[in-house]
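Asker: So I've got this file, work-v9.cif, and it contains mmCIF, C-alpha atoms:
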```
data_my_file
loop_
_atom_site.group_PDB
_atom_site.id
_atom_site.type_symbol
_atom_site.label_atom_id
_atom_site.label_comp_id
_atom_site.auth_asym_id
_atom_site.auth_seq_id
_atom_site.Cartn_x
_atom_site.Cartn_y
_atom_site.Cartn_z
ATOM 1 C CA ASN A 1 19.149 -7.688 -72.896
ATOM 2 C CA ASN A 2 18.415 -8.794 -69.327
ATOM 3 C CA LYS A 3 18.334 -12.543 -70.024
ATOM 4 C CA LEU A 4 21.869 -13.036 -68.623
ATOM 5 C CA TYR A 5 20.845 -11.307 -65.379
ATOM 6 C CA TYR A 6 17.669 -13.380 -65.069
ATOM 7 C CA ASP A 7 19.755 -16.528 -65.661
ATOM 8 C CA ILE A 8 22.213 -15.566 -62.902
ATOM 9 C CA LEU A 9 19.392 -14.942 -60.440
ATOM 10 C CA GLU A 10 17.615 -18.192 -61.345
ATOM 11 C CA LEU A 11 20.818 -20.192 -60.893
ATOM 12 C CA SER A 12 21.518 -18.488 -57.551
ATOM 13 C CA LEU A 13 17.971 -19.365 -56.491
ATOM 14 C CA LYS A 14 18.478 -23.049 -57.317
ATOM 15 C CA PHE A 15 21.680 -22.945 -55.241
ATOM 16 C CA TYR A 16 19.866 -21.321 -52.297
ATOM 17 C CA GLN A 17 16.981 -23.805 -52.534
ATOM 18 C CA ASN A 18 19.482 -26.657 -52.480
ATOM 19 C CA ASN A 19 21.096 -25.114 -49.364
ATOM 20 C CA LEU A 20 17.733 -24.972 -47.610
ATOM 21 C CA PHE A 21 17.075 -28.666 -48.145
ATOM 22 C CA SER A 22 20.635 -29.702 -47.263
ATOM 23 C CA SER A 23 21.759 -30.808 -43.808
ATOM 24 C CA MET A 24 22.923 -27.216 -43.190
ATOM 25 C CA GLY A 25 19.366 -25.954 -43.728
ATOM 26 C CA LYS A 26 17.705 -27.908 -40.914
ATOM 27 C CA ASN A 27 17.428 -24.906 -38.555
ATOM 28 C CA ALA A 28 15.953 -22.738 -41.290
ATOM 29 C CA ILE A 29 13.411 -25.421 -42.235
ATOM 30 C CA LYS A 30 12.436 -25.737 -38.575
ATOM 31 C CA TYR A 31 12.081 -21.936 -38.363
ATOM 32 C CA LEU A 32 9.788 -21.913 -41.432
ATOM 33 C CA LEU A 33 7.710 -24.848 -40.187
ATOM 34 C CA ASP A 34 7.357 -23.106 -36.797
ATOM 35 C CA ARG A 35 6.029 -20.075 -38.707
ATOM 36 C CA LYS A 36 3.345 -22.405 -40.172
ATOM 37 C CA PHE A 37 4.833 -22.627 -43.659
ATOM 38 C CA ASP A 38 4.482 -26.158 -44.981
ATOM 39 C CA ILE A 39 6.887 -27.719 -47.481
ATOM 40 C CA ASP A 40 4.454 -27.142 -50.384
ATOM 41 C CA THR A 41 4.336 -23.429 -49.544
ATOM 42 C CA ILE A 42 8.132 -23.265 -49.188
ATOM 43 C CA ASN A 43 8.405 -24.820 -52.651
ATOM 44 C CA LYS A 44 5.658 -22.665 -54.197
ATOM 45 C CA PHE A 45 7.413 -19.480 -53.097
ATOM 46 C CA GLU A 46 10.831 -20.938 -54.006
ATOM 47 C CA ILE A 47 12.289 -20.054 -50.622
ATOM 48 C CA GLY A 48 16.013 -20.700 -50.248
ATOM 49 C CA LEU A 49 18.843 -20.159 -47.802
ATOM 50 C CA SER A 50 22.149 -18.324 -47.939
ATOM 51 C CA ILE A 51 24.731 -20.035 -45.741
ATOM 52 C CA SER A 52 28.144 -18.676 -44.803
ATOM 53 C CA ARG A 53 29.673 -22.167 -45.080
ATOM 54 C CA SER A 54 28.188 -22.608 -48.564
ATOM 55 C CA PRO A 55 28.641 -19.323 -50.443
ATOM 56 C CA VAL A 56 26.996 -18.881 -53.829
ATOM 57 C CA THR A 57 29.656 -16.561 -55.295
ATOM 58 C CA PRO A 58 32.389 -19.175 -56.016
ATOM 59 C CA PHE A 59 29.740 -21.383 -57.624
ATOM 60 C CA LEU A 60 28.471 -18.565 -59.870
ATOM 61 C CA LEU A 61 31.997 -17.387 -60.765
ATOM 62 C CA ASN A 62 32.469 -20.731 -62.545
ATOM 63 C CA LYS A 63 29.996 -19.503 -65.160
ATOM 64 C CA TYR A 64 29.640 -15.713 -64.890
ATOM 65 C CA GLU A 65 31.864 -12.634 -64.631
ATOM 66 C CA LEU A 66 32.201 -10.864 -61.272
ATOM 67 C CA ASP A 67 30.804 -7.590 -62.622
ATOM 68 C CA LYS A 68 27.595 -9.362 -63.705
ATOM 69 C CA LEU A 69 27.176 -10.893 -60.228
ATOM 70 C CA MET A 70 27.674 -7.430 -58.739
ATOM 71 C CA ASP A 71 25.146 -5.957 -61.208
ATOM 72 C CA VAL A 72 22.374 -8.206 -59.835
ATOM 73 C CA GLY A 73 23.377 -7.647 -56.205
ATOM 74 C CA ILE A 74 24.484 -11.206 -55.361
ATOM 75 C CA THR A 75 28.184 -10.501 -54.860
ATOM 76 C CA ASN A 76 30.232 -7.538 -53.668
ATOM 77 C CA SER A 77 33.538 -6.255 -55.061
ATOM 78 C CA ASN A 78 35.472 -8.436 -52.572
ATOM 79 C CA LYS A 79 34.029 -11.526 -54.272
ATOM 80 C CA SER A 80 31.927 -12.205 -51.161
ATOM 81 C CA ASP A 81 28.232 -13.001 -50.926
ATOM 82 C CA VAL A 82 25.978 -10.029 -50.181
ATOM 83 C CA PHE A 83 23.514 -12.274 -48.334
ATOM 84 C CA VAL A 84 24.819 -14.502 -45.542
ATOM 85 C CA ASP A 85 22.847 -16.804 -43.237
ATOM 86 C CA ARG A 86 19.453 -15.538 -44.339
ATOM 87 C CA ILE A 87 16.261 -17.068 -45.631
ATOM 88 C CA MET A 88 16.120 -16.050 -49.281
ATOM 89 C CA ILE A 89 12.803 -14.966 -50.756
ATOM 90 C CA PRO A 90 12.883 -14.432 -54.524
ATOM 91 C CA ILE A 91 11.269 -11.240 -55.815
ATOM 92 C CA HIS A 92 9.680 -11.156 -59.264
ATOM 93 C CA ASP A 93 8.552 -8.387 -61.575
ATOM 94 C CA ILE A 94 5.013 -8.211 -62.961
ATOM 95 C CA HIS A 95 6.003 -10.595 -65.785
ATOM 96 C CA GLY A 96 7.270 -13.246 -63.379
ATOM 97 C CA ASN A 97 10.971 -12.605 -64.014
ATOM 98 C CA MET A 98 13.095 -12.932 -60.918
ATOM 99 C CA VAL A 99 14.704 -9.550 -60.223
ATOM 100 C CA GLY A 100 16.108 -9.800 -56.698
ATOM 101 C CA TYR A 101 15.746 -11.066 -53.159
ATOM 102 C CA GLY A 102 14.256 -10.239 -49.847
ATOM 103 C CA ALA A 103 16.508 -11.858 -47.253
ATOM 104 C CA ARG A 104 15.398 -12.499 -43.675
ATOM 105 C CA ILE A 105 17.422 -13.372 -40.604
ATOM 106 C CA TYR A 106 16.247 -16.499 -38.799
ATOM 107 C CA GLN A 107 18.723 -17.430 -36.080
ATOM 108 C CA THR A 108 20.004 -14.144 -34.651
ATOM 109 C CA ASN A 109 18.750 -10.732 -33.688
ATOM 110 C CA SER A 110 19.888 -7.969 -35.987
ATOM 111 C CA ASP A 111 19.006 -4.368 -36.687
ATOM 112 C CA SER A 112 18.162 -5.507 -40.201
ATOM 113 C CA LYS A 113 15.529 -8.221 -39.985
ATOM 114 C CA TYR A 114 15.128 -7.963 -43.762
ATOM 115 C CA ILE A 115 17.512 -6.735 -46.394
ATOM 116 C CA ASN A 116 16.655 -6.449 -50.071
ATOM 117 C CA THR A 117 18.749 -6.647 -53.174
ATOM 118 C CA ALA A 118 20.259 -3.217 -53.803
ATOM 119 C CA SER A 119 18.712 -1.125 -56.563
ATOM 120 C CA SER A 120 19.871 -2.325 -59.949
ATOM 121 C CA LYS A 121 18.916 -2.399 -63.607
ATOM 122 C CA LEU A 122 16.369 -5.097 -62.736
ATOM 123 C CA PHE A 123 15.400 -4.204 -59.182
ATOM 124 C CA ASP A 124 13.708 -0.958 -58.133
ATOM 125 C CA LYS A 125 11.890 -1.662 -54.888
ATOM 126 C CA SER A 126 9.700 1.429 -55.235
ATOM 127 C CA LYS A 127 8.163 -0.101 -58.383
ATOM 128 C CA ILE A 128 7.641 -3.687 -57.198
ATOM 129 C CA LEU A 129 4.953 -5.289 -55.080
ATOM 130 C CA TYR A 130 5.940 -8.683 -53.737
ATOM 131 C CA ASN A 131 3.768 -11.482 -55.180
ATOM 132 C CA TYR A 132 1.981 -9.206 -57.682
ATOM 133 C CA HIS A 133 2.990 -11.528 -60.535
ATOM 134 C CA ARG A 134 0.819 -14.221 -58.893
ATOM 135 C CA ALA A 135 -1.870 -12.082 -57.239
ATOM 136 C CA HIS A 136 -2.909 -10.202 -60.372
ATOM 137 C CA GLN A 137 -3.887 -13.532 -61.946
ATOM 138 C CA VAL A 138 -6.738 -13.891 -59.434
ATOM 139 C CA LEU A 139 -7.938 -10.315 -59.955
ATOM 140 C CA LYS A 140 -10.678 -11.244 -62.427
ATOM 141 C CA LYS A 141 -12.093 -13.711 -59.928
ATOM 142 C CA ASP A 142 -11.708 -11.802 -56.654
ATOM 143 C CA ASP A 143 -11.664 -8.240 -58.017
ATOM 144 C CA ALA A 144 -9.317 -7.155 -55.226
ATOM 145 C CA ILE A 145 -5.708 -7.237 -54.215
ATOM 146 C CA ILE A 146 -4.920 -6.738 -50.551
ATOM 147 C CA ILE A 147 -1.668 -5.159 -49.383
ATOM 148 C CA MET A 148 -0.067 -6.781 -46.360
ATOM 149 C CA GLU A 149 2.959 -5.680 -44.388
ATOM 150 C CA GLY A 150 5.581 -8.159 -45.536
ATOM 151 C CA TYR A 151 6.623 -11.228 -47.480
ATOM 152 C CA PHE A 152 5.960 -13.677 -44.665
ATOM 153 C CA ASP A 153 2.395 -12.362 -44.267
ATOM 154 C CA VAL A 154 1.730 -12.933 -47.977
ATOM 155 C CA ILE A 155 3.294 -16.409 -47.916
ATOM 156 C CA ARG A 156 1.364 -17.421 -44.796
ATOM 157 C CA ALA A 157 -1.938 -16.254 -46.335
ATOM 158 C CA SER A 158 -1.208 -18.327 -49.426
ATOM 159 C CA SER A 159 -0.568 -21.376 -47.239
ATOM 160 C CA VAL A 160 -4.238 -21.226 -46.184
ATOM 161 C CA GLY A 161 -5.478 -20.670 -49.749
ATOM 162 C CA ILE A 162 -5.723 -16.868 -49.982
ATOM 163 C CA ASN A 163 -3.694 -15.756 -52.986
ATOM 164 C CA ASN A 164 -4.629 -12.141 -53.732
ATOM 165 C CA PHE A 165 -2.167 -10.569 -51.290
ATOM 166 C CA VAL A 166 0.884 -8.446 -52.097
ATOM 167 C CA ALA A 167 3.449 -6.625 -49.975
ATOM 168 C CA PRO A 168 5.481 -3.475 -50.520
ATOM 169 C CA MET A 169 9.251 -3.744 -50.634
ATOM 170 C CA GLY A 170 9.973 -1.973 -47.357
ATOM 171 C CA THR A 171 8.834 1.620 -47.059
ATOM 172 C CA ALA A 172 9.501 2.600 -50.673
ATOM 173 C CA LEU A 173 5.981 2.107 -52.050
#
```
As C-alpha cells, what does this structure read like?
Answerer:
Amino acid sequence: NNKLYYDILELSLKFYQNNLFSSMGKNAIKYLLDRKFDIDTINKFEIGLSISRSPVTPFLLNKYELDKLMDVGITNSNKSDVFVDRIMIPIHDIHGNMVGYGARIYQTNSDSKYINTASSKLFDKSKILYNYHRAHQVLKKDDAIIIMEGYFDVIRASSVGINNFVAPMGTAL
C-alpha cells in the first residue's frame, strides 16, 4: 500500500510551499516572478522551496520513520534533507498521485541545474511525463499533447493558457 508514501510526499509539499511563501522565500518568489510565473501559476503547480535553514526532515520525523522518508527520497541516511535551497516542483503519476520532485537551483550556478527524486517504489523517471496527469484531461478537446524540454517550459505555457504540454524527466524518456 503506497498511501503512507503519498501522505509523506504531500506533507513535505505543504512544508515546501509554506517555505516559499515565508520571509525566507522572497528571493525564490522574485526568481519565479522574473521567469513570468504569476502567483496563480505558482499555486496551480504547487511549487515549493527547500531551504537549508528550514529543513523538512526534522518536521517529518515527528510523524514518520526515517526509513520511510528515505524510501520516498526526501531524506538521506544521515537524517539530512536530500534537497537543499532548491525550488521544488512536485511530480505526479498519471492518476495525480504525487510521486517525487524535480528540484531546481535558483540562486547559484551548479553542475546540476535540476535534480530529481531518486528512483523508488513510486518514482521511475523513465515512465513519467511531467504534467501528464493534467494534460491528458484536455486530450479530447485538443487531440494533441506536446512535449517540451522541461518543467519550467510546461509551467510557463500553462501561465498563458496552454495546458496540453508535458516534459520528460531528464533524458530517461
Asker: Select, counting only C-alpha atoms, all protein, DNA and RNA residues no farther than 12 Å from (34.3, -9.0, -55.2) in file coordinates, and express the selection as an mmCIF file with C-alpha atoms, in the coordinates of the input.
Answerer:
```cif
data_model
loop_
_atom_site.group_PDB
_atom_site.id
_atom_site.type_symbol
_atom_site.label_atom_id
_atom_site.label_comp_id
_atom_site.auth_asym_id
_atom_site.auth_seq_id
_atom_site.Cartn_x
_atom_site.Cartn_y
_atom_site.Cartn_z
ATOM 1 C CA THR A 57 29.656 -16.561 -55.295
ATOM 2 C CA PRO A 58 32.389 -19.175 -56.016
ATOM 3 C CA LEU A 61 31.997 -17.387 -60.765
ATOM 4 C CA GLU A 65 31.864 -12.634 -64.631
ATOM 5 C CA LEU A 66 32.201 -10.864 -61.272
ATOM 6 C CA ASP A 67 30.804 -7.590 -62.622
ATOM 7 C CA LYS A 68 27.595 -9.362 -63.705
ATOM 8 C CA LEU A 69 27.176 -10.893 -60.228
ATOM 9 C CA MET A 70 27.674 -7.430 -58.739
ATOM 10 C CA ASP A 71 25.146 -5.957 -61.208
ATOM 11 C CA GLY A 73 23.377 -7.647 -56.205
ATOM 12 C CA ILE A 74 24.484 -11.206 -55.361
ATOM 13 C CA THR A 75 28.184 -10.501 -54.860
ATOM 14 C CA ASN A 76 30.232 -7.538 -53.668
ATOM 15 C CA SER A 77 33.538 -6.255 -55.061
ATOM 16 C CA ASN A 78 35.472 -8.436 -52.572
ATOM 17 C CA LYS A 79 34.029 -11.526 -54.272
ATOM 18 C CA SER A 80 31.927 -12.205 -51.161
ATOM 19 C CA ASP A 81 28.232 -13.001 -50.926
ATOM 20 C CA VAL A 82 25.978 -10.029 -50.181
#
```
Asker: What lies within 8 Å of Ser12 (chain A) using all atoms listed in the file, ignoring chain neighbours under 4 positions off, as a VMD selection string?
Answerer: chain A and resid 8 16 56 60
Asker: Any chance you could tabulate, as a tab-separated table, the residues of region 23-96 of chain A at most 10 Å from region 121-127 of chain A with each one's nearest atom pair and distance in Å to one decimal, using all atoms listed in the file, in chain and rising number order?
Answerer:
```
residue	atom	partner	partner_atom	distance
A:Asp71	CA	A:Lys121	CA	7.6
A:Val72	CA	A:Leu122	CA	7.4
A:Gly73	CA	A:Phe123	CA	9.2
A:Ile91	CA	A:Phe123	CA	8.8
A:His92	CA	A:Phe123	CA	9.0
A:Asp93	CA	A:Phe123	CA	8.4
A:Ile94	CA	A:Lys127	CA	9.8
```
Asker: Using only C-alpha atoms, please write the residues we just selected to a file, as a compact mmCIF listing (two decimals), in the coordinates of the input.
Answerer:
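Output file again15.txt is given in full below:
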```txt
# COMPACT_ATOMS: atom_id res chain seq x y z
CA ASP A 71 25.15 -5.96 -61.21
CA VAL A 72 22.37 -8.21 -59.84
CA GLY A 73 23.38 -7.65 -56.20
CA ILE A 91 11.27 -11.24 -55.82
CA HIS A 92 9.68 -11.16 -59.26
CA ASP A 93 8.55 -8.39 -61.58
CA ILE A 94 5.01 -8.21 -62.96
```
Asker: Which residue, A:Asn2, A:Thr117, A:Thr108, A:Met98, has the smallest gap to Phe45 (chain A) when you use only C-alpha atoms?
Answerer: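 Result for the nearest residue to Phe45 (chain A): A:Met98.
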Asker: Rounded to one decimal place, report the CA of Ala144 (chain A)-CA of Asn164 (chain A) distance in Å.
Answerer: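 Rounded to one decimal, the two atoms are 7.0 Å apart.
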Asker: Measure the distance from CA of Phe37 (chain A) to CA of Asp143 (chain A) in Å and round it to one decimal.
Answerer: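 Answer for the CA of Phe37 (chain A) to CA of Asp143 (chain A) separation: 26.2 Å.
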Asker: Which is closest to Val166 (chain A) among A:Phe152, A:Tyr130, A:Pro90, A:Asp111, if we use only C-alpha atoms?
Answerer: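 Nearest to Val166 (chain A): A:Tyr130.
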Asker: For this structure, which residues satisfy the selection - the PyMOL selection byres ((chain A and resi 156) around 10) - when it is evaluated on the file as given? I want them as a compact mmCIF listing (two decimals) with C-alpha atoms, in the coordinates of the input.
Answerer:
```txt
# COMPACT_ATOMS: atom_id res chain seq x y z
CA ARG A 35 6.03 -20.08 -38.71
CA LYS A 36 3.34 -22.40 -40.17
CA PHE A 37 4.83 -22.63 -43.66
CA ASP A 38 4.48 -26.16 -44.98
CA THR A 41 4.34 -23.43 -49.54
CA ILE A 42 8.13 -23.26 -49.19
CA TYR A 151 6.62 -11.23 -47.48
CA PHE A 152 5.96 -13.68 -44.66
CA ASP A 153 2.40 -12.36 -44.27
CA VAL A 154 1.73 -12.93 -47.98
CA ILE A 155 3.29 -16.41 -47.92
CA ALA A 157 -1.94 -16.25 -46.34
CA SER A 158 -1.21 -18.33 -49.43
CA SER A 159 -0.57 -21.38 -47.24
CA VAL A 160 -4.24 -21.23 -46.18
CA GLY A 161 -5.48 -20.67 -49.75
CA ILE A 162 -5.72 -16.87 -49.98
CA ASN A 163 -3.69 -15.76 -52.99
```
Asker: Using the chain letters and numbers from this file, what does the PyMOL selection byres ((chain A and resi 114) around 8) select? Give the answer as a list in words.
Answerer: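 Against this file, the PyMOL selection byres ((chain A and resi 114) around 8) returns the residues Gly102, Ala103, Arg104, Ile105, Ser112, Lys113, Ile115 and Asn116 of chain A.
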Asker: Between A:Phe165, A:Tyr101, A:Phe21, A:Tyr106, which residue has the minimum interatomic distance to Asn131 (chain A), considering all atoms listed in the file?
Answerer: A:Phe165
Asker: Rounded to one decimal, what separation in Å do you get between CA of Ser50 (chain A) and CA of Phe83 (chain A)?
Answerer: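 CA of Phe83 (chain A) lies 6.2 Å from CA of Ser50 (chain A).
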Asker: Around region 93-109 of chain A, fit a box with edges along x, y and z, padding it by 5 Å on each side, then list its centre and edge lengths in Å to one decimal as lines of an AutoDock Vina configuration file.
Answerer:
```
center_x = 12.5
center_y = -12.8
center_z = -49.7
size_x = 25.0
size_y = 19.2
size_z = 42.1
```
Asker: With all atoms listed in the file as the atoms that count, which of A:Met148, A:Lys26, A:Ile39, A:Met169 lies nearest to Gly100 (chain A)?
Answerer: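 The closest residue to Gly100 (chain A) is A:Met169.
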